[in-house]
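Dumped target_7.csv below, it's CSV, C-alpha atoms and all ligand atoms:
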```
chain,number,residue,atom,x,y,z
A,596,MET,CA,0.0,0.0,0.0
A,597,TRP,CA,2.8,2.5,1.0
A,598,ALA,CA,4.7,1.5,-2.1
A,599,GLU,CA,1.8,2.2,-4.4
A,600,PHE,CA,1.2,5.6,-2.8
A,601,ALA,CA,4.9,6.5,-3.2
A,602,GLU,CA,5.0,5.4,-6.8
A,603,SER,CA,1.9,7.5,-7.6
A,604,TYR,CA,4.0,10.5,-6.5
A,605,GLY,CA,6.8,9.5,-8.8
A,606,LEU,CA,9.1,8.2,-6.0
A,607,VAL,CA,11.6,5.4,-6.6
A,608,VAL,CA,10.5,2.5,-4.5
A,609,HIS,CA,12.7,-0.5,-3.4
A,610,ARG,CA,10.5,-3.2,-1.9
A,611,TRP,CA,12.0,-5.2,1.0
A,612,SER,CA,11.0,-8.2,3.1
A,613,THR,CA,8.1,-8.9,0.8
A,614,SER,CA,7.7,-12.6,1.8
A,615,TRP,CA,4.4,-13.2,3.7
A,616,GLU,CA,6.1,-16.0,5.5
A,617,HIS,CA,8.7,-13.9,7.4
A,618,ASP,CA,8.8,-11.0,9.7
A,619,ALA,CA,10.3,-7.8,8.3
A,620,SER,CA,14.0,-8.4,8.5
A,621,ALA,CA,16.3,-5.6,9.8
A,622,ASP,CA,19.3,-7.3,8.2
A,623,GLU,CA,17.6,-7.3,4.8
A,624,LEU,CA,16.8,-3.6,5.2
A,625,ALA,CA,20.3,-2.8,6.2
A,626,GLU,CA,21.6,-4.5,3.0
A,627,LEU,CA,19.0,-2.7,0.9
A,628,LEU,CA,19.9,0.7,2.4
A,629,ASP,CA,23.6,0.1,1.9
A,630,ALA,CA,22.8,-0.6,-1.8
A,631,HIS,CA,20.6,2.5,-2.1
A,632,PRO,CA,22.1,5.1,0.2
A,633,LYS,CA,19.9,7.9,-1.1
A,634,THR,CA,16.8,6.3,0.4
A,635,ARG,CA,14.8,9.0,2.3
A,636,GLY,CA,12.2,6.9,4.0
A,637,VAL,CA,11.4,3.4,5.2
A,638,THR,CA,7.9,2.1,5.6
A,639,VAL,CA,6.7,-1.0,7.5
A,640,ALA,CA,3.4,-2.3,8.9
A,641,TYR,CA,3.6,-2.9,12.7
A,642,GLY,CA,0.7,-5.4,12.7
A,643,ASP,CA,0.0,-6.7,9.2
A,644,THR,CA,-3.6,-7.7,8.8
A,645,SER,CA,-3.0,-10.0,5.8
A,646,THR,CA,-0.4,-12.2,7.5
A,647,GLY,CA,-0.9,-11.6,11.2
A,648,VAL,CA,2.8,-10.7,11.7
A,649,ALA,CA,3.8,-8.1,14.4
A,650,ASN,CA,7.0,-6.6,13.0
A,651,ASP,CA,9.8,-5.4,15.2
A,652,VAL,CA,9.4,-1.7,14.6
A,653,ALA,CA,12.2,-0.7,17.0
A,654,GLY,CA,14.7,-3.0,15.2
A,655,VAL,CA,13.7,-1.7,11.8
A,656,SER,CA,13.7,1.9,13.0
A,657,ARG,CA,17.3,1.6,14.3
A,658,ILE,CA,18.5,0.6,10.8
A,659,ALA,CA,16.5,3.4,9.2
A,660,ARG,CA,18.0,6.0,11.6
A,661,GLN,CA,21.5,4.7,11.0
A,662,HIS,CA,21.0,5.3,7.3
A,663,GLY,CA,19.3,8.7,7.8
A,664,ALA,CA,15.9,7.6,6.5
A,665,LEU,CA,12.6,8.5,8.0
A,666,MET,CA,10.7,5.7,9.7
A,667,MET,CA,7.1,5.5,8.7
A,668,VAL,CA,4.8,2.9,10.3
A,669,ASP,CA,1.3,1.6,9.5
A,670,ALA,CA,-0.3,1.0,12.9
A,671,VAL,CA,-3.8,0.7,11.5
A,672,SER,CA,-4.6,-2.7,12.9
A,673,SER,CA,-2.3,-2.5,15.9
A,674,LEU,CA,-2.5,0.9,17.6
A,675,GLY,CA,-4.8,0.6,20.7
A,676,GLY,CA,-4.4,-3.2,20.9
A,677,MET,CA,-0.6,-3.6,21.2
A,678,PRO,CA,2.0,-1.4,22.9
A,679,PHE,CA,3.3,1.1,20.4
A,680,LEU,CA,6.2,3.3,21.6
A,681,PHE,CA,6.4,6.2,19.1
A,682,ASP,CA,9.2,8.0,20.9
A,683,GLU,CA,11.2,5.1,22.3
A,684,TRP,CA,11.2,3.3,18.9
A,685,ASP,CA,12.3,6.5,17.2
A,686,VAL,CA,9.4,6.5,14.8
A,687,ASP,CA,8.9,9.5,12.5
A,688,VAL,CA,5.4,8.9,11.1
A,689,ALA,CA,2.7,6.6,12.4
A,690,VAL,CA,-0.7,6.2,10.8
A,691,THR,CA,-3.8,4.7,12.3
A,692,ALA,CA,-7.6,4.7,11.7
A,693,SER,CA,-10.9,4.7,13.6
A,694,GLN,CA,-12.2,1.3,12.6
A,695,LYS,CA,-9.9,-1.2,14.1
A,696,CYS,CA,-8.7,-1.2,17.8
A,697,LEU,CA,-10.4,2.2,18.2
A,698,MET,CA,-13.7,0.4,17.9
A,699,SER,CA,-15.4,3.1,15.8
A,700,SER,CA,-16.9,3.5,12.3
A,701,PRO,CA,-14.5,3.7,9.4
A,702,GLY,CA,-13.8,7.3,8.2
A,703,LEU,CA,-11.1,8.9,10.3
A,704,ALA,CA,-7.4,8.5,10.2
A,705,TRP,CA,-4.6,10.0,12.3
A,706,VAL,CA,-1.0,10.7,11.5
A,707,ALA,CA,1.6,11.3,14.2
A,708,MET,CA,4.8,13.1,13.0
A,709,SER,CA,8.2,13.6,14.6
A,710,ASP,CA,10.1,16.9,14.4
A,711,ARG,CA,12.3,15.2,11.8
A,712,ALA,CA,9.1,14.4,9.7
A,713,TRP,CA,8.0,18.1,10.0
A,714,SER,CA,11.4,19.3,8.8
A,715,ALA,CA,11.1,16.9,5.8
A,716,GLU,CA,7.6,18.2,5.1
A,717,LYS,CA,9.0,21.7,4.9
A,718,THR,CA,11.7,20.9,2.4
A,719,SER,CA,9.9,18.3,0.4
A,720,ARG,CA,9.0,19.3,-3.2
A,721,LEU,CA,6.3,16.7,-3.7
A,722,PRO,CA,2.9,18.1,-4.9
A,723,ARG,CA,0.2,18.8,-2.4
A,724,ASN,CA,-3.4,19.9,-2.9
A,725,TYR,CA,-6.4,19.1,-0.7
A,726,TRP,CA,-4.3,17.3,2.0
A,727,THR,CA,-1.6,19.5,3.4
A,728,PHE,CA,0.0,18.9,6.8
A,729,VAL,CA,0.9,22.5,7.2
A,730,ASP,CA,-2.7,23.7,6.8
A,731,ILE,CA,-4.0,21.0,9.1
A,732,LYS,CA,-1.4,21.9,11.8
A,733,LYS,CA,-2.3,25.6,11.5
A,734,ASN,CA,-6.0,24.9,11.9
A,735,ILE,CA,-5.8,22.5,14.7
A,736,SER,CA,-3.3,24.7,16.6
A,737,ARG,CA,-5.8,27.6,16.9
A,738,PRO,CA,-7.2,28.4,20.3
A,739,ARG,CA,-10.5,26.9,19.0
A,740,PRO,CA,-9.1,23.9,17.0
A,741,GLU,CA,-10.6,23.4,13.5
A,742,THR,CA,-9.9,21.2,10.6
A,743,PRO,CA,-9.4,22.7,7.1
A,744,GLY,CA,-12.0,20.4,5.6
A,745,THR,CA,-15.3,19.1,7.0
A,746,PRO,CA,-14.6,16.3,9.6
A,747,PRO,CA,-16.9,13.4,10.2
A,748,VAL,CA,-17.9,14.7,13.6
A,749,GLN,CA,-19.9,11.6,14.5
A,750,ILE,CA,-16.8,9.5,14.3
A,751,VAL,CA,-14.9,12.0,16.5
A,752,LEU,CA,-17.5,11.4,19.1
A,753,GLN,CA,-17.3,7.6,18.7
A,754,VAL,CA,-13.5,7.7,19.1
A,755,ALA,CA,-13.8,10.0,22.1
A,756,GLU,CA,-16.0,7.4,23.8
A,757,ALA,CA,-13.7,4.5,22.7
A,758,LEU,CA,-10.7,6.3,24.2
A,759,ARG,CA,-12.7,6.9,27.4
A,760,MET,CA,-13.4,3.1,27.6
A,761,MET,CA,-9.8,2.3,27.0
A,762,HIS,CA,-8.6,4.6,29.7
A,763,GLU,CA,-11.2,3.3,32.1
A,764,GLU,CA,-9.9,-0.2,31.5
A,765,GLY,CA,-6.3,1.0,31.6
A,766,LEU,CA,-4.0,0.7,28.6
A,767,ALA,CA,-1.9,-2.0,30.2
A,768,ASN,CA,-5.0,-4.1,30.8
A,769,VAL,CA,-6.2,-3.5,27.2
A,770,TYR,CA,-2.9,-4.9,25.9
A,771,ALA,CA,-3.0,-7.8,28.3
A,772,ARG,CA,-6.6,-8.6,27.3
A,773,HIS,CA,-5.6,-8.6,23.6
A,774,ASP,CA,-2.6,-10.9,24.5
A,775,ALA,CA,-4.8,-13.3,26.4
A,776,LEU,CA,-7.5,-13.3,23.6
A,777,SER,CA,-4.9,-14.0,20.9
A,778,ARG,CA,-3.3,-16.8,22.9
A,779,ARG,CA,-6.7,-18.5,23.5
A,780,ALA,CA,-7.7,-18.1,19.8
A,781,ARG,CA,-4.4,-19.8,18.7
A,782,GLU,CA,-4.5,-22.6,21.3
A,783,GLY,CA,-8.2,-23.2,20.6
A,784,THR,CA,-7.8,-23.3,16.8
A,785,ALA,CA,-4.7,-25.5,17.1
A,786,ALA,CA,-6.7,-27.9,19.2
A,787,LEU,CA,-9.2,-28.1,16.3
A,788,GLY,CA,-6.3,-29.0,14.0
A,789,LEU,CA,-5.9,-25.6,12.4
A,790,ALA,CA,-2.4,-24.2,11.7
A,791,PRO,CA,-1.5,-20.5,11.5
A,792,GLN,CA,-1.6,-19.3,7.9
A,793,CYS,CA,2.1,-18.3,8.0
A,794,GLU,CA,3.7,-20.8,10.3
A,795,THR,CA,7.2,-19.4,10.1
A,796,LEU,CA,6.4,-15.9,11.5
A,797,LYS,CA,8.4,-15.1,14.7
A,798,HIS,CA,6.1,-12.5,16.2
A,799,ARG,CA,2.4,-12.4,15.8
A,800,SER,CA,-0.1,-9.6,16.2
A,801,THR,CA,-2.4,-10.0,19.1
A,802,THR,CA,-5.2,-8.3,17.3
A,803,LEU,CA,-6.1,-11.0,14.8
A,804,SER,CA,-5.3,-14.6,14.0
A,805,ALA,CA,-4.8,-15.6,10.3
A,806,LEU,CA,-5.4,-19.4,10.0
A,807,ALA,CA,-5.0,-22.1,7.3
A,808,LEU,CA,-7.9,-24.4,6.5
A,809,PRO,CA,-7.5,-28.1,5.5
A,810,ASP,CA,-7.6,-28.6,1.7
A,811,HIS,CA,-11.0,-30.2,1.7
A,812,VAL,CA,-12.7,-27.2,3.4
A,813,ASN,CA,-14.1,-24.5,1.1
A,814,PRO,CA,-13.4,-21.2,2.9
A,815,LYS,CA,-16.5,-19.4,1.7
A,816,ALA,CA,-18.9,-22.2,2.8
A,817,PHE,CA,-17.0,-22.6,6.1
A,818,ARG,CA,-17.2,-18.8,6.8
A,819,ASP,CA,-20.9,-18.8,5.8
A,820,ARG,CA,-21.6,-21.5,8.4
A,821,ILE,CA,-19.8,-19.4,11.1
A,822,LYS,CA,-21.7,-16.3,9.9
A,823,ALA,CA,-25.0,-18.2,10.3
A,824,GLN,CA,-24.1,-18.4,14.0
A,825,GLY,CA,-23.9,-14.6,14.1
A,826,ILE,CA,-20.1,-14.3,13.9
A,827,LEU,CA,-18.3,-12.6,11.1
A,828,THR,CA,-14.8,-13.7,10.2
A,829,ALA,CA,-12.6,-12.4,7.4
A,830,ALA,CA,-11.4,-14.1,4.3
A,831,GLY,CA,-7.7,-15.0,3.8
A,832,LEU,CA,-6.0,-12.6,1.5
A,833,GLY,CA,-3.7,-13.0,-1.5
A,834,ARG,CA,-2.8,-16.6,-2.1
A,835,TYR,CA,-4.5,-17.5,1.2
A,836,GLU,CA,-7.9,-16.6,-0.2
A,837,SER,CA,-8.3,-20.2,-1.3
A,838,HIS,CA,-7.4,-21.9,2.0
A,839,GLY,CA,-7.4,-19.4,4.8
A,840,PHE,CA,-9.5,-17.2,7.0
A,841,ARG,CA,-9.0,-14.7,9.7
A,842,ILE,CA,-10.4,-14.1,13.2
A,843,GLY,CA,-10.3,-10.5,14.4
A,844,HIS,CA,-9.9,-10.1,18.2
A,845,MET,CA,-9.3,-6.4,18.5
A,846,GLY,CA,-11.2,-3.7,20.3
A,847,ASP,CA,-14.2,-4.4,22.5
A,848,ILE,CA,-13.8,-8.2,22.3
A,849,ARG,CA,-14.0,-10.4,25.5
A,850,MET,CA,-13.0,-14.0,26.2
A,851,THR,CA,-16.6,-15.1,25.9
A,852,ASP,CA,-16.5,-13.8,22.3
A,853,VAL,CA,-13.4,-15.9,21.5
A,854,GLU,CA,-15.0,-18.9,23.1
A,855,ARG,CA,-18.2,-18.5,21.1
A,856,THR,CA,-16.1,-18.1,17.9
A,857,LEU,CA,-14.1,-21.2,18.7
A,858,ALA,CA,-17.3,-23.2,19.2
A,859,ALA,CA,-18.6,-21.8,15.9
A,860,VAL,CA,-15.4,-22.7,14.1
A,861,ALA,CA,-15.5,-26.3,15.6
A,862,SER,CA,-19.1,-26.8,14.4
A,863,ALA,CA,-18.4,-25.3,10.9
A,864,LEU,CA,-15.4,-27.6,10.6
A,865,ARG,CA,-17.5,-30.6,11.6
A,866,GLU,CA,-20.2,-29.7,9.1
A,867,THR,CA,-17.9,-29.0,6.2
A,868,THR,CA,-15.9,-32.2,6.9
A,869,ALA,CA,-19.1,-34.2,7.0
A,870,VAL,CA,-20.2,-32.9,3.6
A,871,ALA,CA,-16.7,-33.1,2.1
A,901,LIG,C1,-2.6,-2.9,8.5
A,901,LIG,C2,-3.6,-2.1,7.6
A,901,LIG,N1,-3.1,-1.0,6.9
A,901,LIG,C3,-4.0,-0.3,6.2
A,901,LIG,C4,-5.3,-0.7,6.0
A,901,LIG,C5,-6.2,0.1,5.1
A,901,LIG,O1,-7.1,0.8,5.8
A,901,LIG,P1,-8.3,1.4,5.1
A,901,LIG,O2,-9.2,0.2,4.7
A,901,LIG,O3,-9.0,2.3,6.1
A,901,LIG,O4,-7.8,2.2,3.9
A,901,LIG,C6,-5.8,-1.8,6.7
A,901,LIG,C7,-7.2,-2.2,6.5
A,901,LIG,O5,-7.6,-3.3,6.8
A,901,LIG,C8,-4.9,-2.5,7.5
A,901,LIG,O6,-5.3,-3.6,8.2
```
How does this structure look as C-alpha cells?
Ligand SMILES: Cc1ncc(COP(=O)(O)O)c(C=O)c1O
Amino acid sequence: MWAEFAESYGLVVHRWSTSWEHDASADELAELLDAHPKTRGVTVAYGDTSTGVANDVAGVSRIARQHGALMMVDAVSSLGGMPFLFDEWDVDVAVTASQKCLMSSPGLAWVAMSDRAWSAEKTSRLPRNYWTFVDIKKNISRPRPETPGTPPVQIVLQVAEALRMMHEEGLANVYARHDALSRRAREGTAALGLAPQCETLKHRSTTLSALALPDHVNPKAFRDRIKAQGILTAAGLGRYESHGFRIGHMGDIRMTDVERTLAAVASALRETTAVA
C-alpha cells in the first residue's frame, strides 16, 4: 500500500521483506539501504492484517535511523491493541484509523509526526493539494481547533467514547486482554487442527489470527456457516484466499466472544468435513 502511494508520487520504491512467511528483516533492510544510500524513507506495517505478523518496529527503525531515512509505520490494525512506543522506537510517522482497535466506524485516520518528519515536510517538493499537513497543523493549533475540511464529527464522538473506555480499563489491561485473547484463539484453533496461515512468523499480532484451512474445506462455505451463527470472520488474502480465514480479536472483544467463535469454528469444521 505504501509502495503504491509513493509510486503514484513518482518516487523510486525499493521493496523489501516482501515474503508473507517472514517478519520484516532488519538485516535485509540494512543491505538494501547500503545498496541504495539515497533512500529517504522506510515504511513498515507494525501489525500486518494480511499475514498476522507483528513486525519489530524498534529494530527496523534503528536501521532506518543509521541510514538517515525517516521511519514510517502503518499502525492501522495495531494501535490501541498492542504497545506502540512512538518516541522510544524513534518513529517519524505513524498512521492509524478509527475502525480497528479504536472500535469506531471507518472514516477517520490519524498521523503522528516527529520533528524530523515536520522538517522533511518543509523541504519536500512533492505536490500537495487538498491534504496539506501545514494547513492541518495551522488549523488544529488555533485556540479553538478546527480542521481545514469538514470532519466526520460523528466518528470523532465515537472515538472519544472509545478512548474513554480504553482509559477506564487501563491501557496495560487493554494490551494484556488482547494478548490473552490471541493466545486463546491460537490454542483453541490449534486444538481443532488448524495451523497458522504463515507458520514461520516469529512474532504475531495480538489483534487477529490468520489461519490455514484443510484442503477439503471450502473457505466461503466454512465462513458462511460461522456467519449463520452470528459471527463474522474475514477471508484470507492473496494466495491464502483459497485456503485461509482470519479471526479478528481487536477492540471491544472479550474472552466469551473468543470462546463463542471457537465453538462456531468447531461446528463449521465438523459440518464442512461431514459434507466433504
Ligand atoms: C494494516 C492495515 N493497513 C492499512 C489498512 C487500510 O485501511 P483502510 O481500509 O482504512 O484504507 C488496513 C485495513 O484493513 C490494515 O489492516
Separation of atom CA of Asp618 of chain A from atom CA of Ser709 of chain A, in Å and rounded to one decimal: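 So the two atoms, atom CA of Asp618 of chain A and atom CA of Ser709 of chain A, lie 25.1 Å apart.
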At most 8 Å from ligand LIG 901 (chain A) (only C-alpha atoms and all ligand atoms): residue list as a CSV table (one decimal) with C-alpha atoms, in the coordinates of the input:
```csv
chain,number,residue,atom,x,y,z
A,596,MET,CA,0.0,0.0,0.0
A,640,ALA,CA,3.4,-2.3,8.9
A,641,TYR,CA,3.6,-2.9,12.7
A,642,GLY,CA,0.7,-5.4,12.7
A,643,ASP,CA,0.0,-6.7,9.2
A,644,THR,CA,-3.6,-7.7,8.8
A,645,SER,CA,-3.0,-10.0,5.8
A,669,ASP,CA,1.3,1.6,9.5
A,670,ALA,CA,-0.3,1.0,12.9
A,671,VAL,CA,-3.8,0.7,11.5
A,672,SER,CA,-4.6,-2.7,12.9
A,673,SER,CA,-2.3,-2.5,15.9
A,691,THR,CA,-3.8,4.7,12.3
A,692,ALA,CA,-7.6,4.7,11.7
A,694,GLN,CA,-12.2,1.3,12.6
A,695,LYS,CA,-9.9,-1.2,14.1
A,701,PRO,CA,-14.5,3.7,9.4
A,702,GLY,CA,-13.8,7.3,8.2
A,704,ALA,CA,-7.4,8.5,10.2
```
Spatial neighbours of Leu787 of chain A, max dist 12 Å, all atoms listed in the file, sep filter under 6 positions, as a PyMOL selection string: chain A and resi 780-781+806-809+857-865
For atom CA of His617 of chain A and atom CA of Thr795 of chain A, the interatomic separation in Å (one decimal): 6.3 Å
Contact residues around Gly636 of chain A with all atoms listed in the file at 7 Å, ignoring same-chain residues under 6 positions, as a list in words: Ala664, Leu665 and Met666 of chain A
Could you pull the residues within 8 Å of Cys696 of chain A, counting all atoms listed in the file, minus those fewer than 2 positions along the same chain, as a short mmCIF file (atom, residue, chain, number, x, y, z; two decimals) with C-alpha atoms, keeping the file's coordinate frame?
```cif
data_model
loop_
_atom_site.label_atom_id
_atom_site.label_comp_id
_atom_site.auth_asym_id
_atom_site.auth_seq_id
_atom_site.Cartn_x
_atom_site.Cartn_y
_atom_site.Cartn_z
CA SER A 672 -4.60 -2.70 12.90
CA SER A 673 -2.30 -2.50 15.90
CA LEU A 674 -2.50 0.90 17.60
CA GLY A 675 -4.80 0.60 20.70
CA GLY A 676 -4.40 -3.20 20.90
CA SER A 693 -10.90 4.70 13.60
CA GLN A 694 -12.20 1.30 12.60
CA MET A 698 -13.70 0.40 17.90
CA THR A 802 -5.20 -8.30 17.30
CA MET A 845 -9.30 -6.40 18.50
CA GLY A 846 -11.20 -3.70 20.30
CA ASP A 847 -14.20 -4.40 22.50
#
```
Counting all atoms listed in the file, the option among A:Phe681, A:Tyr725, A:Thr801, A:Gln792 closest to Arg772 of chain A: A:Thr801
Nearest candidate to Gly839 of chain A (options A:Thr634, A:Ser620, A:Thr646, A:Ser699; using only C-alpha atoms):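 The closest residue to Gly839 of chain A is A:Thr646.
You will find atom CA of Asp685 of chain A at 26.1 Å from atom CA of Glu616 of chain A.
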Minimum-distance residue to Thr638 of chain A, chosen among A:Phe679, A:Trp713, A:Phe600, A:Trp726 (using all atoms listed in the file):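 Closest to Thr638 of chain A, using all atoms listed in the file: A:Phe600.
Residue nearest Met677 of chain A, chosen from A:His811, A:Arg818, A:His773, A:Arg849 and counting all atoms listed in the file: A:His773.
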7 Å contact set for Phe817 of chain A, all atoms listed in the file, chain neighbours under 3 positions out, as a PyMOL selection string: chain A and resi 812-814+820-821+863-864+867
Ala830 of chain A surroundings by all atoms listed in the file, 9 Å radius, close-in-sequence under 2 positions cut, as a PyMOL selection string: chain A and resi 814-815+818+828+832+835-837+839-842
Restrict the selected residues to C-alpha atoms and save them as an mmCIF file, in the frame of the given file.
```cif
data_model
loop_
_atom_site.group_PDB
_atom_site.id
_atom_site.type_symbol
_atom_site.label_atom_id
_atom_site.label_comp_id
_atom_site.auth_asym_id
_atom_site.auth_seq_id
_atom_site.Cartn_x
_atom_site.Cartn_y
_atom_site.Cartn_z
ATOM 1 C CA PRO A 814 -13.400 -21.200 2.900
ATOM 2 C CA LYS A 815 -16.500 -19.400 1.700
ATOM 3 C CA ARG A 818 -17.200 -18.800 6.800
ATOM 4 C CA THR A 828 -14.800 -13.700 10.200
ATOM 5 C CA LEU A 832 -6.000 -12.600 1.500
ATOM 6 C CA TYR A 835 -4.500 -17.500 1.200
ATOM 7 C CA GLU A 836 -7.900 -16.600 -0.200
ATOM 8 C CA SER A 837 -8.300 -20.200 -1.300
ATOM 9 C CA GLY A 839 -7.400 -19.400 4.800
ATOM 10 C CA PHE A 840 -9.500 -17.200 7.000
ATOM 11 C CA ARG A 841 -9.000 -14.700 9.700
ATOM 12 C CA ILE A 842 -10.400 -14.100 13.200
#
```
Residue with smallest distance to Arg635 of chain A - pool A:Ala649, A:Ala823, A:Ala712, A:Ala757, counting all atoms listed in the file: A:Ala712
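Using all atoms listed in the file, the set of residues no farther than 12 Å from the position (22.1, 1.6, 1.4) comprises His609, Asp622, Glu623, Leu624, Ala625, Glu626, Leu627, Leu628, Asp629, Ala630, His631, Pro632, Lys633, Thr634, Arg635, Gly636, Val637, Ile658, Ala659, Arg660, Gln661, His662, Gly663 and Ala664 of chain A.
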Extract segment 768-851 of chain A from the coordinates I pasted, and write it as a compact mmCIF listing (two decimals), in the first residue's frame (atoms kept: C-alpha atoms).
```
# COMPACT_ATOMS: atom_id res chain seq x y z
CA ASN A 768 -5.03 -4.07 30.80
CA VAL A 769 -6.23 -3.49 27.23
CA TYR A 770 -2.94 -4.86 25.89
CA ALA A 771 -2.99 -7.79 28.33
CA ARG A 772 -6.56 -8.62 27.27
CA HIS A 773 -5.58 -8.65 23.58
CA ASP A 774 -2.64 -10.88 24.48
CA ALA A 775 -4.84 -13.34 26.37
CA LEU A 776 -7.49 -13.35 23.60
CA SER A 777 -4.93 -14.05 20.90
CA ARG A 778 -3.30 -16.83 22.92
CA ARG A 779 -6.69 -18.47 23.48
CA ALA A 780 -7.65 -18.08 19.80
CA ARG A 781 -4.41 -19.76 18.73
CA GLU A 782 -4.54 -22.56 21.30
CA GLY A 783 -8.22 -23.18 20.58
CA THR A 784 -7.80 -23.31 16.82
CA ALA A 785 -4.66 -25.47 17.13
CA ALA A 786 -6.69 -27.91 19.25
CA LEU A 787 -9.15 -28.09 16.31
CA GLY A 788 -6.26 -28.99 13.99
CA LEU A 789 -5.89 -25.55 12.37
CA ALA A 790 -2.40 -24.22 11.73
CA PRO A 791 -1.50 -20.54 11.47
CA GLN A 792 -1.61 -19.32 7.87
CA CYS A 793 2.07 -18.31 7.97
CA GLU A 794 3.71 -20.84 10.27
CA THR A 795 7.21 -19.40 10.13
CA LEU A 796 6.44 -15.93 11.53
CA LYS A 797 8.44 -15.11 14.66
CA HIS A 798 6.13 -12.50 16.20
CA ARG A 799 2.38 -12.41 15.78
CA SER A 800 -0.06 -9.57 16.16
CA THR A 801 -2.37 -9.98 19.15
CA THR A 802 -5.24 -8.27 17.32
CA LEU A 803 -6.07 -11.02 14.82
CA SER A 804 -5.35 -14.65 13.96
CA ALA A 805 -4.76 -15.65 10.33
CA LEU A 806 -5.35 -19.39 9.97
CA ALA A 807 -4.99 -22.06 7.31
CA LEU A 808 -7.86 -24.42 6.49
CA PRO A 809 -7.52 -28.07 5.49
CA ASP A 810 -7.58 -28.64 1.71
CA HIS A 811 -11.05 -30.19 1.68
CA VAL A 812 -12.68 -27.18 3.37
CA ASN A 813 -14.14 -24.52 1.11
CA PRO A 814 -13.39 -21.22 2.91
CA LYS A 815 -16.53 -19.43 1.73
CA ALA A 816 -18.87 -22.24 2.78
CA PHE A 817 -16.97 -22.56 6.07
CA ARG A 818 -17.19 -18.83 6.83
CA ASP A 819 -20.88 -18.78 5.83
CA ARG A 820 -21.56 -21.46 8.44
CA ILE A 821 -19.81 -19.37 11.08
CA LYS A 822 -21.73 -16.30 9.92
CA ALA A 823 -25.01 -18.22 10.29
CA GLN A 824 -24.12 -18.39 13.99
CA GLY A 825 -23.87 -14.61 14.13
CA ILE A 826 -20.08 -14.34 13.92
CA LEU A 827 -18.27 -12.55 11.14
CA THR A 828 -14.79 -13.73 10.18
CA ALA A 829 -12.62 -12.35 7.39
CA ALA A 830 -11.39 -14.10 4.26
CA GLY A 831 -7.75 -15.00 3.79
CA LEU A 832 -5.97 -12.57 1.49
CA GLY A 833 -3.75 -13.04 -1.54
CA ARG A 834 -2.84 -16.64 -2.09
CA TYR A 835 -4.47 -17.55 1.23
CA GLU A 836 -7.91 -16.64 -0.15
CA SER A 837 -8.34 -20.22 -1.33
CA HIS A 838 -7.43 -21.89 1.97
CA GLY A 839 -7.39 -19.43 4.83
CA PHE A 840 -9.55 -17.24 7.02
CA ARG A 841 -8.97 -14.66 9.72
CA ILE A 842 -10.44 -14.07 13.16
CA GLY A 843 -10.31 -10.50 14.45
CA HIS A 844 -9.94 -10.11 18.22
CA MET A 845 -9.32 -6.40 18.47
CA GLY A 846 -11.18 -3.68 20.29
CA ASP A 847 -14.18 -4.45 22.47
CA ILE A 848 -13.79 -8.23 22.34
CA ARG A 849 -13.96 -10.37 25.48
CA MET A 850 -12.96 -13.97 26.21
CA THR A 851 -16.58 -15.11 25.86
```
